[in-house]
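Below is entry-v3.cif, which holds mmCIF, C-alpha atoms.
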```
data_input
#
loop_
_atom_site.label_atom_id
_atom_site.label_comp_id
_atom_site.auth_asym_id
_atom_site.auth_seq_id
_atom_site.Cartn_x
_atom_site.Cartn_y
_atom_site.Cartn_z
CA MET E 137 -37.35 58.30 -31.01
CA ASN E 138 -36.71 58.14 -27.29
CA ASN E 139 -38.70 60.52 -25.12
CA LEU E 140 -36.13 62.35 -23.05
CA ILE E 141 -37.24 64.53 -20.15
CA HIS E 142 -35.32 67.11 -18.17
CA ILE E 143 -35.08 66.22 -14.45
CA GLY E 144 -33.19 69.31 -13.33
CA PHE E 145 -29.75 70.92 -13.60
CA GLY E 146 -29.22 69.81 -17.19
CA ASN E 147 -29.87 66.14 -16.42
CA ILE E 148 -32.06 64.14 -18.77
CA VAL E 149 -33.57 60.64 -18.57
CA ASN E 150 -35.40 58.40 -21.00
CA ALA E 151 -39.07 58.70 -20.01
CA GLY E 152 -39.83 55.32 -21.56
CA LYS E 153 -37.60 53.57 -19.04
CA ILE E 154 -39.21 55.07 -15.91
CA VAL E 155 -41.18 52.55 -13.85
CA ALA E 156 -42.16 54.89 -10.99
CA ILE E 157 -41.68 58.43 -9.73
CA VAL E 158 -42.04 58.55 -5.94
CA SER E 159 -41.44 60.88 -3.03
CA PRO E 160 -38.33 60.05 -0.94
CA ASP E 161 -40.08 60.52 2.41
CA SER E 162 -41.33 57.02 3.24
CA ALA E 163 -39.20 54.44 5.01
CA PRO E 164 -39.41 51.86 2.17
CA VAL E 165 -38.17 54.42 -0.37
CA LYS E 166 -35.36 55.47 1.97
CA ARG E 167 -34.35 51.79 2.25
CA LEU E 168 -34.50 51.46 -1.54
CA ILE E 169 -32.18 54.45 -1.95
CA GLN E 170 -29.74 53.08 0.64
CA ASP E 171 -29.75 49.60 -0.92
CA THR E 172 -29.11 50.96 -4.40
CA LYS E 173 -26.34 53.23 -3.09
CA THR E 174 -24.52 50.25 -1.58
CA GLY E 175 -25.11 48.31 -4.80
CA GLY E 176 -23.79 51.17 -6.94
CA ARG E 177 -27.06 51.55 -8.85
CA VAL E 178 -28.00 55.10 -7.84
CA VAL E 179 -27.59 58.21 -9.98
CA ASP E 180 -27.66 61.41 -7.93
CA ALA E 181 -28.87 64.24 -10.18
CA THR E 182 -29.62 66.66 -7.32
CA GLN E 183 -26.44 68.75 -7.56
CA GLY E 184 -26.20 68.68 -3.76
CA ARG E 185 -29.76 69.84 -3.18
CA LYS E 186 -32.49 68.05 -1.27
CA THR E 187 -33.91 64.97 -3.01
CA LYS E 188 -37.57 65.58 -3.80
CA ALA E 189 -38.21 62.79 -6.31
CA VAL E 190 -36.94 59.26 -6.78
CA LEU E 191 -37.17 57.76 -10.26
CA VAL E 192 -37.13 53.97 -10.39
CA MET E 193 -35.89 52.83 -13.78
CA GLU E 194 -36.48 49.55 -15.68
CA ASN E 195 -32.95 48.28 -15.05
CA ASN E 196 -33.33 48.65 -11.24
CA THR E 197 -31.32 51.86 -11.23
CA VAL E 198 -32.60 54.69 -9.05
CA VAL E 199 -32.26 58.33 -10.13
CA LEU E 200 -32.51 61.07 -7.50
CA SER E 201 -33.87 64.46 -8.55
CA ALA E 202 -34.30 67.82 -6.81
CA LEU E 203 -37.54 68.43 -8.73
CA LEU E 204 -40.91 67.48 -7.30
CA PRO E 205 -42.50 64.25 -8.59
CA GLU E 206 -45.44 66.28 -9.94
CA THR E 207 -43.08 68.44 -11.99
CA ILE E 208 -41.37 65.42 -13.55
CA ARG E 209 -44.72 63.73 -14.21
CA GLY E 210 -45.97 66.89 -15.89
CA ARG E 211 -42.91 67.05 -18.11
CA ALA E 212 -43.25 63.38 -19.04
CA ALA E 213 -46.95 63.82 -19.84
CA GLU E 214 -46.25 66.96 -21.88
CA ASP E 215 -43.50 65.18 -23.81
CA GLU E 216 -45.81 62.22 -24.48
CA TYR E 217 -48.55 64.58 -25.70
CA ASN E 218 -46.13 66.42 -28.00
CA SER E 219 -44.80 63.17 -29.47
CA GLN E 220 -48.36 62.01 -30.29
CA GLU E 221 -49.00 65.17 -32.29
CA GLU E 222 -46.06 64.51 -34.63
#
```
Please express what this file holds, its structure, as structure tokens.
Amino acid sequence: MNNLIHIGFGNIVNAGKIVAIVSPDSAPVKRLIQDTKTGGRVVDATQGRKTKAVLVMENNTVVLSALLPETIRGRAAEDEYNSQEE
């Protein structure tokens, strides 16, 4: 079964496909977001709020979230822990 995690505002991603969860503040990450926007490979899941986390996916898609990276990491770790118990 795929491990799906909630990334805010009813949006869900497959945790197994996440390569990295990073903060959007550094210049390289800002360039990555801009490059993926021009390439049409960005999914904006912020609902118009400030981007606080950038999820880099296996297929080179970037997902923007209004949740903090620590919150998403915690949800992914919790989901992984729960799936190991089953």
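The interatomic distance for the pair atom CA of Asn150 of chain E and atom CA of Leu203 of chain E works out to 16.0 Å.
For the set E:Val190, E:Ile143, E:Val155, E:Ala202, the residue with the smallest atom-to-atom gap to Ile169 of chain E is E:Val190, counting all atoms listed in the file.
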task: Could you please determine the separation between atom CA of Arg177 of chain E and atom CA of Asn195 of chain E in Å, to one decimal place?
output: 9.2 Å
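Distances to Leu140 of chain E were evaluated for E:Ile154, E:Thr207, E:Ala163, E:Val198 using only C-alpha atoms, and the minimum falls at E:Ile154.
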- prompt: Any idea what's packed within 12 Å of Lys186 of chain E, counting only C-alpha atoms, ignoring anything in its chain fewer than 4 positions away? Could you give it as a ChimeraX atom specification?
  reply: /E:159-161,180-182,190,200-204
- line: Between atom CA of Gly176 of chain E and atom CA of Ala156 of chain E lies a distance of 19.2 Å
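Nearest-residue note for Gly184 of chain E: choosing from E:Thr172, E:Asn138, E:Phe145, E:Asp215, the minimum distance belongs to E:Phe145, counting all atoms listed in the file.
With distances restricted to all atoms listed in the file, E:Gly144 is the closest residue to Val199 of chain E from E:Gly144, E:Gln220, E:Glu214, E:Asn139.
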query: Smallest atom-to-atom distance to Lys153 of chain E: which of E:Lys166, E:Thr187, E:Pro205, E:Ala212, using all atoms listed in the file?
result: E:Ala212
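The smallest atom-to-atom distance between Asp171 of chain E and any of E:Ile208, E:Thr197, E:His142, E:Asn218, using all atoms listed in the file, is found for E:Thr197.
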